[in-house]
$ cat model.txt   # compact mmCIF, C-alpha atoms and all ligand atoms
# COMPACT_ATOMS: atom_id res chain seq x y z
CA MET A 1 -5.32 11.74 3.99
CA SER A 2 -7.65 8.75 3.86
CA ASP A 3 -8.11 6.28 6.74
CA GLU A 4 -6.15 3.76 4.70
CA SER A 5 -3.15 6.10 4.43
CA TRP A 6 -3.24 6.85 8.15
CA ILE A 7 -3.32 3.17 9.08
CA ARG A 8 -0.40 2.48 6.79
CA LEU A 9 1.64 5.45 8.00
CA LEU A 10 1.07 4.69 11.68
CA MET A 11 1.99 1.03 11.23
CA PHE A 12 5.08 2.02 9.26
CA VAL A 13 6.33 4.47 11.90
CA GLY A 14 5.38 2.10 14.74
CA VAL A 15 7.18 -0.96 13.36
CA LEU A 16 10.20 1.13 12.31
CA ALA A 17 10.48 2.55 15.84
CA VAL A 18 10.06 -0.82 17.57
CA MET A 19 12.54 -2.63 15.32
CA SER A 20 15.08 0.23 15.57
CA VAL A 21 15.04 0.13 19.36
CA TRP A 22 15.05 -3.68 19.40
CA GLN A 23 18.09 -3.98 17.11
CA MET A 24 19.96 -1.38 19.16
CA ALA A 25 19.18 -3.25 22.37
CA ALA A 26 19.94 -6.76 21.05
CA PRO A 27 21.98 -6.55 17.83
CA LYS A 28 22.85 -9.75 15.99
CA ARG A 29 25.90 -8.36 14.16
CA GLU A 30 28.06 -5.33 14.51
CA LEU A 31 27.23 -2.96 11.62
CA THR A 32 30.24 -2.41 9.35
CA GLN A 33 28.96 0.95 8.07
CA GLY A 34 27.02 1.97 11.14
CA TYR A 35 24.27 4.53 10.81
CA ARG A 36 25.68 6.49 7.90
CA ARG A 37 23.46 4.35 5.63
CA TRP A 38 20.33 5.51 7.37
CA PRO A 39 19.77 8.94 5.74
CA ALA A 40 19.84 7.44 2.24
CA ASN A 41 17.82 4.31 3.14
CA LEU A 42 15.16 6.45 4.81
CA GLY A 43 15.44 9.06 2.07
CA ILE A 44 14.77 6.57 -0.72
CA VAL A 45 11.64 5.18 0.96
CA MET A 46 10.26 8.73 1.24
CA LEU A 47 11.10 9.34 -2.39
CA ASP A 48 9.42 6.03 -3.31
CA SER A 49 6.14 6.88 -1.61
CA LEU A 50 6.16 10.33 -3.22
CA VAL A 51 6.76 8.88 -6.70
CA VAL A 52 4.02 6.25 -6.31
CA ARG A 53 1.56 8.83 -4.97
CA LEU A 54 2.26 11.10 -7.93
CA LEU A 55 2.31 8.47 -10.69
CA ILE A 56 -0.12 5.79 -9.45
CA PRO A 57 -2.29 7.50 -6.85
CA ALA A 58 -5.02 4.81 -7.02
CA GLY A 59 -2.56 2.13 -5.96
CA ALA A 60 -3.43 -1.50 -5.25
CA MET A 61 -6.36 -0.34 -3.12
CA GLY A 62 -7.79 1.58 -6.07
CA ALA A 63 -7.38 -1.52 -8.22
CA ALA A 64 -9.28 -3.61 -5.65
CA LEU A 65 -12.17 -1.11 -5.48
CA TRP A 66 -12.31 -0.95 -9.27
CA ALA A 67 -12.38 -4.77 -9.55
CA ALA A 68 -15.18 -4.99 -6.98
CA GLU A 69 -17.24 -2.33 -8.76
CA ASN A 70 -16.88 -3.99 -12.12
CA GLY A 71 -17.21 -7.59 -10.93
CA TRP A 72 -13.72 -8.43 -12.15
CA GLY A 73 -11.60 -11.36 -11.09
CA LEU A 74 -11.82 -14.81 -9.57
CA PHE A 75 -13.03 -13.75 -6.14
CA ASN A 76 -15.95 -11.86 -7.65
CA LEU A 77 -16.98 -14.98 -9.60
CA VAL A 78 -16.84 -17.67 -6.91
CA GLU A 79 -18.89 -17.52 -3.75
CA LEU A 80 -16.59 -17.51 -0.73
CA PRO A 81 -17.36 -16.24 2.76
CA GLY A 82 -15.78 -12.78 3.16
CA TRP A 83 -13.16 -13.83 5.71
CA ALA A 84 -12.11 -16.86 3.62
CA ALA A 85 -11.65 -14.69 0.54
CA VAL A 86 -9.44 -12.32 2.57
CA VAL A 87 -7.27 -15.15 3.96
CA VAL A 88 -6.88 -16.89 0.59
CA ALA A 89 -6.16 -13.59 -1.15
CA VAL A 90 -3.46 -12.57 1.35
CA ILE A 91 -1.74 -15.97 0.92
CA LEU A 92 -1.97 -15.78 -2.88
CA LEU A 93 -0.58 -12.23 -2.90
CA ASP A 94 2.33 -13.44 -0.79
CA MET A 95 3.08 -16.17 -3.33
CA VAL A 96 3.00 -13.57 -6.11
CA ILE A 97 5.49 -11.39 -4.21
CA TYR A 98 7.73 -14.44 -3.78
CA ALA A 99 7.55 -15.11 -7.54
CA GLN A 100 8.21 -11.46 -8.30
CA HIS A 101 11.28 -11.56 -6.09
CA VAL A 102 12.61 -14.61 -7.99
CA LEU A 103 11.91 -12.71 -11.22
CA VAL A 104 13.91 -9.63 -10.23
CA HIS A 105 16.85 -11.91 -9.47
CA ALA A 106 16.51 -13.79 -12.76
CA VAL A 107 15.94 -11.10 -15.37
CA PRO A 108 19.04 -8.94 -15.91
CA LEU A 109 17.08 -5.71 -16.53
CA LEU A 110 15.08 -6.17 -13.32
CA TRP A 111 18.17 -7.25 -11.41
CA ARG A 112 19.64 -3.84 -12.27
CA LEU A 113 16.86 -2.25 -10.20
CA HIS A 114 16.97 -4.82 -7.42
CA MET A 115 20.75 -4.43 -7.00
CA VAL A 116 20.02 -1.20 -5.14
CA HIS A 117 18.39 -3.25 -2.37
CA HIS A 118 21.24 -5.77 -2.21
CA SER A 119 24.06 -3.24 -2.41
CA ASP A 120 23.53 -2.23 1.24
CA ARG A 121 26.74 -3.19 3.07
CA ASP A 122 24.82 -4.06 6.21
CA ILE A 123 21.40 -5.48 6.75
CA ASP A 124 19.17 -3.81 9.30
CA VAL A 125 15.62 -2.47 9.57
CA THR A 126 16.30 0.30 7.02
CA THR A 127 17.51 -2.20 4.40
CA GLY A 128 13.91 -3.40 4.22
CA LEU A 129 12.96 0.05 2.91
CA ARG A 130 15.77 0.43 0.41
CA PHE A 131 14.32 -0.07 -3.08
CA HIS A 132 14.83 1.92 -6.27
CA PRO A 133 11.71 3.95 -7.24
CA LEU A 134 11.53 2.07 -10.56
CA GLU A 135 11.40 -1.26 -8.73
CA ILE A 136 8.62 0.08 -6.51
CA ILE A 137 6.65 1.15 -9.61
CA PHE A 138 7.25 -2.24 -11.26
CA SER A 139 6.12 -3.98 -8.09
CA MET A 140 3.01 -1.80 -7.81
CA LEU A 141 1.99 -2.52 -11.41
CA ILE A 142 2.35 -6.29 -10.83
CA LYS A 143 0.36 -6.05 -7.61
CA MET A 144 -2.42 -4.04 -9.30
CA SER A 145 -2.64 -6.53 -12.18
CA VAL A 146 -2.92 -9.48 -9.79
CA VAL A 147 -5.46 -7.64 -7.64
CA ILE A 148 -7.63 -7.03 -10.71
CA LEU A 149 -7.19 -10.54 -12.18
CA LEU A 150 -8.08 -12.17 -8.88
CA GLY A 151 -10.60 -9.54 -7.77
CA VAL A 152 -8.84 -9.30 -4.42
CA PRO A 153 -11.06 -7.73 -1.72
CA ALA A 154 -9.92 -4.23 -0.65
CA LEU A 155 -9.55 -5.38 2.97
CA ALA A 156 -7.13 -8.11 1.87
CA VAL A 157 -5.07 -5.53 -0.03
CA LEU A 158 -4.87 -3.29 3.02
CA ILE A 159 -3.93 -6.19 5.33
CA PHE A 160 -1.38 -7.48 2.86
CA GLU A 161 0.31 -4.13 2.30
CA VAL A 162 0.53 -3.36 6.02
CA VAL A 163 1.80 -6.88 6.84
CA LEU A 164 4.29 -6.95 3.96
CA ASN A 165 5.71 -3.58 4.97
CA GLY A 166 5.95 -4.59 8.64
CA MET A 167 7.43 -8.01 7.89
CA ALA A 168 10.01 -6.49 5.53
CA MET A 169 11.22 -4.30 8.39
CA PHE A 170 11.13 -7.22 10.86
CA ASN A 171 13.02 -9.72 8.73
CA HIS A 172 15.67 -7.24 7.59
CA SER A 173 16.31 -6.05 11.13
CA ASN A 174 19.56 -6.77 12.90
CA VAL A 175 17.93 -8.37 15.94
CA ARG A 176 19.18 -11.34 17.90
CA LEU A 177 16.48 -13.94 18.45
CA PRO A 178 17.04 -17.04 20.57
CA LYS A 179 17.60 -20.05 18.32
CA ALA A 180 14.51 -21.83 19.68
CA VAL A 181 12.29 -18.82 18.95
CA ASP A 182 13.73 -18.49 15.44
CA THR A 183 13.07 -22.18 14.80
CA ILE A 184 9.43 -21.93 15.85
CA ILE A 185 8.66 -18.72 13.90
CA ARG A 186 10.47 -20.09 10.84
CA ILE A 187 8.03 -22.98 10.49
CA LEU A 188 5.60 -20.50 8.93
CA PHE A 189 7.21 -17.06 8.73
CA VAL A 190 10.47 -15.55 7.51
CA THR A 191 12.82 -14.62 10.35
CA PRO A 192 15.74 -12.14 10.33
CA ASP A 193 18.24 -15.05 10.38
CA MET A 194 16.50 -16.67 7.44
CA HIS A 195 16.42 -13.51 5.35
CA ARG A 196 19.99 -12.49 6.21
CA VAL A 197 21.17 -15.46 4.11
CA HIS A 198 19.59 -13.71 1.10
CA HIS A 199 21.87 -10.68 1.59
CA SER A 200 25.11 -12.70 1.58
CA ILE A 201 27.69 -11.90 -1.11
CA ILE A 202 27.84 -15.64 -1.96
CA LYS A 203 25.81 -16.02 -5.15
CA GLN A 204 23.94 -19.21 -4.20
CA GLU A 205 22.89 -17.56 -0.95
CA THR A 206 21.82 -14.33 -2.67
CA ASN A 207 19.66 -16.49 -4.93
CA SER A 208 17.85 -18.18 -2.03
CA ASN A 209 15.27 -17.36 0.66
CA TYR A 210 13.16 -15.04 -1.50
CA GLY A 211 10.14 -15.03 0.82
CA PHE A 212 9.09 -11.88 2.66
CA ASN A 213 6.23 -13.12 4.82
CA LEU A 214 5.56 -16.85 4.69
CA SER A 215 8.61 -19.13 4.75
CA ILE A 216 6.72 -21.95 3.02
CA TRP A 217 7.35 -20.82 -0.57
CA ASP A 218 11.12 -21.24 -0.37
CA ARG A 219 10.73 -24.75 1.02
CA LEU A 220 8.04 -25.61 -1.51
CA PHE A 221 9.96 -24.33 -4.53
CA GLY A 222 13.41 -25.51 -3.43
CA THR A 223 15.03 -22.12 -2.81
CA TYR A 224 15.52 -22.53 0.92
CA ILE A 225 18.93 -22.28 2.62
CA ALA A 226 18.73 -22.63 6.39
CA GLN A 227 21.97 -20.88 7.46
CA PRO A 228 24.77 -18.94 5.78
CA GLU A 229 27.84 -21.01 4.94
CA LYS A 230 30.18 -18.63 6.81
CA GLY A 231 27.88 -18.19 9.78
CA HIS A 232 25.90 -15.08 10.71
CA GLN A 233 28.97 -13.38 12.18
CA GLY A 234 31.42 -14.46 9.50
CA MET A 235 29.31 -13.76 6.42
CA THR A 236 29.76 -10.65 4.26
CA ILE A 237 26.67 -8.61 3.37
CA GLY A 238 26.24 -6.86 0.03
CA LEU A 239 27.30 -7.43 -3.58
CA THR A 240 30.93 -8.21 -4.37
CA GLN A 241 31.22 -5.66 -7.17
CA PHE A 242 30.13 -2.77 -4.93
CA LEU A 243 32.02 -3.47 -1.72
CA ASP A 244 34.40 -0.56 -2.32
CA GLN A 245 31.75 1.89 -3.53
CA PRO A 246 29.77 4.59 -1.67
CA ALA A 247 26.64 2.43 -1.41
CA HIS A 248 25.35 4.61 1.44
CA GLN A 249 24.78 7.63 -0.82
CA LEU A 250 21.33 8.34 -2.19
CA ILE A 251 22.57 9.65 -5.54
CA TRP A 252 24.76 6.57 -5.98
CA MET A 253 21.71 4.37 -5.31
CA LEU A 254 19.48 6.22 -7.76
CA ARG A 255 22.08 6.01 -10.54
CA LEU A 256 23.07 2.39 -9.90
CA PRO A 257 20.61 0.65 -12.31
CA PHE A 258 21.91 2.72 -15.21
CA TYR A 259 25.63 2.17 -14.83
CA GLY A 260 26.23 -0.48 -12.18
CA ASP A 261 28.05 -3.73 -12.91
CA MET A 262 25.55 -6.60 -12.66
CA GLY A 263 28.24 -8.97 -11.46
CA GLN A 264 27.60 -12.70 -11.63
CA TYR A 265 24.38 -12.58 -9.66
CA PRO A 266 21.38 -12.73 -12.00
CA MET A 267 20.29 -16.32 -12.56
CA MET A 268 19.78 -15.59 -16.26
CA LYS A 269 17.24 -18.32 -16.76
CA PHE A 270 15.37 -15.86 -18.92
CA GLY A 271 16.75 -13.28 -21.28
CA ARG A 272 20.31 -12.49 -22.14
CA GLY A 273 22.78 -12.36 -19.33
CA PRO A 274 25.94 -10.34 -19.09
CA GLU A 275 28.82 -11.82 -21.04
CA LYS A 276 32.36 -11.11 -20.14
CA GLY A 277 33.22 -7.66 -21.37
CA ASP A 278 29.70 -6.33 -21.85
CA SER A 279 28.31 -6.74 -18.37
CA ASP A 280 29.53 -3.37 -17.28
CA ALA A 281 27.75 -0.45 -18.87
CA GLY A 282 30.46 1.85 -17.64
ZN ZN A 301 16.55 -9.98 -3.35
$ encode --input "model.txt" --output "structure tokens" --more "lines below"
Ligand SMILES: [Zn+2]
Amino acid sequence: MSDESWIRLLMFVGVLAVMSVWQMAAPKRELTQGYRRWPANLGIVMLDSLVVRLLIPAGAMGAALWAAENGWGLFNLVELPGWAAVVVAVILLDMVIYAQHVLVHAVPLLWRLHMVHHSDRDIDVTTGLRFHPLEIIFSMLIKMSVVILLGVPALAVLIFEVVLNGMAMFNHSNVRLPKAVDTIIRILFVTPDMHRVHHSIIKQETNSNYGFNLSIWDRLFGTYIAQPEKGHQGMTIGLTQFLDQPAHQLIWMLRLPFYGDMGQYPMMKFGRGPEKGDSDAG
């Protein structure tokens, strides 16, 4: 394995371990499903990395090296000090991921993939890893295109991927943070309380707080909701149409995009939405 893969693997295991212990020691909510979701949530992330490695082995890092070699992209055209290019690139990539997240909520076909993430009946550190392999491939292709168009430096890609992965585990975790600490972190970064709103079954809350790293995008683009209407203890996590289904099973998760009811969630600003009677493919 390359140095890059080792760094990413060690950070992944490290953050997963720290957040797991932390949420056991100071849980915010009692889990309704407990740990029976864990095998499938951890199983799908392993499957995801396998699929990406097999299908797109170059990855975003490969795209960055290719862009640098061929002088592609904005950053290879304008003269910026190395550190400034890395900082600007990481922030831009974060905005792209925010936009991509809005997109997967808005476009019915993409929402089908993203439902897998939202169908988790609890939100904890493993929810941050629960994505359908097709969504991971879609996300990787978007990331690679942006990396090439912008000519993002390889170091920025590595930093971004490690930070995004770590932050996803942090802000999905079921940890209890003092209100004052949450308020301070939230000025710039997404906190677990902020992201939990996004996993509410209430549609307006599901379609809010899209950010994964920086909290500024939601405020800037008007998608910010500070707290869940029913409170962090009273709110229900998941998607209404799947509350009585075995959402903790890996096979169920893998099949979901192909047969699952989309419910009333996609914003349908683009494309054709589900009409009554044809929203459910069976
Ligand atoms: Zn989402």
$ residues_around --input "model.txt" --residues "A:Phe170" --least-positions-apart "3" --cutoff "7 Å" --atoms "only C-alpha atoms" --output "list in words"
Met19, Val125, Gly166, Met167, Ser173 and Pro192 of chain A
$ atom_distance --input "model.txt" --atom1 "atom CA of A:Met169" --atom2 "atom CA of A:Gly128"
5.0 Å
$ residues_near_ligand --input "model.txt" --ligand "ligand ZN 301 (chain A)" --cutoff "8 Å" --atoms "all atoms listed in the file" --output "list in words"
His101, Val102, Val104, His105, His114, Met115, His117, His118, His198, His199, Thr206, Asn207 and Tyr210 of chain A
$ closest_atom_pairs --input "model.txt" --of "stretch 113-224 of chain A" --to "stretch 34-44 of chain A" --cutoff "8 Å" --atoms "all atoms listed in the file" --output "Markdown table"
| residue | atom | partner | partner_atom | distance |
| --- | --- | --- | --- | --- |
| A:Asp120 | CA | A:Arg37 | CA | 7.9 |
| A:Thr126 | CA | A:Asn41 | CA | 5.8 |
| A:Thr127 | CA | A:Asn41 | CA | 6.6 |
| A:Leu129 | CA | A:Asn41 | CA | 6.5 |
| A:Arg130 | CA | A:Asn41 | CA | 5.2 |
| A:Phe131 | CA | A:Ile44 | CA | 7.1 |
| A:His132 | CA | A:Ile44 | CA | 7.2 |
| A:Pro133 | CA | A:Ile44 | CA | 7.7 |
$ write_last_selection --input "model.txt" --atoms "C-alpha atoms" --output "mmCIF file, in the coordinates of the input"
data_model
loop_
_atom_site.group_PDB
_atom_site.id
_atom_site.type_symbol
_atom_site.label_atom_id
_atom_site.label_comp_id
_atom_site.auth_asym_id
_atom_site.auth_seq_id
_atom_site.Cartn_x
_atom_site.Cartn_y
_atom_site.Cartn_z
ATOM 1 C CA ASP A 120 23.530 -2.230 1.240
ATOM 2 C CA THR A 126 16.300 0.300 7.020
ATOM 3 C CA THR A 127 17.510 -2.200 4.400
ATOM 4 C CA LEU A 129 12.960 0.050 2.910
ATOM 5 C CA ARG A 130 15.770 0.430 0.410
ATOM 6 C CA PHE A 131 14.320 -0.070 -3.080
ATOM 7 C CA HIS A 132 14.830 1.920 -6.270
ATOM 8 C CA PRO A 133 11.710 3.950 -7.240
#
$ atom_distance --input "model.txt" --atom1 "atom CA of A:Gln249" --atom2 "atom CA of A:Val116"
10.9 Å
$ closest_residue --input "model.txt" --among "A:Met11, A:Ala85, A:Val45, A:Leu256" --to "A:Val157" --atoms "only C-alpha atoms"
A:Ala85
$ closest_residue --input "model.txt" --among "A:Ile237, A:Val146, A:Val162, A:Leu250" --to "A:Leu92" --atoms "only C-alpha atoms"
A:Val146
$ axis_aligned_box --input "model.txt" --around "stretch 154-172 of chain A" --padding-each-side "8 Å" --output "AutoDock Vina command-line options"
--center_x 2.9 --center_y -6.5 --center_z 5.1 --size_x 41.6 --size_y 22.4 --size_z 27.5
$ closest_residue --input "model.txt" --among "A:Val86, A:Ile184, A:Leu150, A:Leu254" --to "A:Trp66" --atoms "all atoms listed in the file"
A:Leu150
$ closest_residue --input "model.txt" --among "A:Tyr98, A:Trp72, A:Trp6, A:Phe258" --to "A:Val147" --atoms "only C-alpha atoms"
A:Trp72
$ atom_distance --input "model.txt" --atom1 "atom CA of A:Ala156" --atom2 "atom CA of A:Ala58"
15.8 Å
$ closest_residue --input "model.txt" --among "A:Leu214, A:Val197, A:Ala67, A:Leu54" --to "A:Gln227" --atoms "all atoms listed in the file"
A:Val197
$ closest_residue --input "model.txt" --among "A:Gly231, A:Gly211, A:Pro81, A:Pro246" --to "A:Gln100" --atoms "all atoms listed in the file"
A:Gly211
$ residues_around --input "model.txt" --residues "A:Gly234" --least-positions-apart "4" --cutoff "12 Å" --atoms "all atoms listed in the file" --output "list in words"
Lys28, Arg29, Glu30, Val197, Ser200, Ile201, Gln227, Pro228, Glu229 and Lys230 of chain A
$ residues_around --input "model.txt" --residues "A:Ser20" --least-positions-apart "2" --cutoff "10 Å" --atoms "only C-alpha atoms" --output "list of chain:residue names"
A:Gly14, A:Val15, A:Leu16, A:Ala17, A:Val18, A:Trp22, A:Gln23, A:Met24, A:Ala25, A:Pro27, A:Asp124, A:Val125, A:Thr126, A:Met169, A:Phe170, A:Ser173, A:Asn174, A:Val175
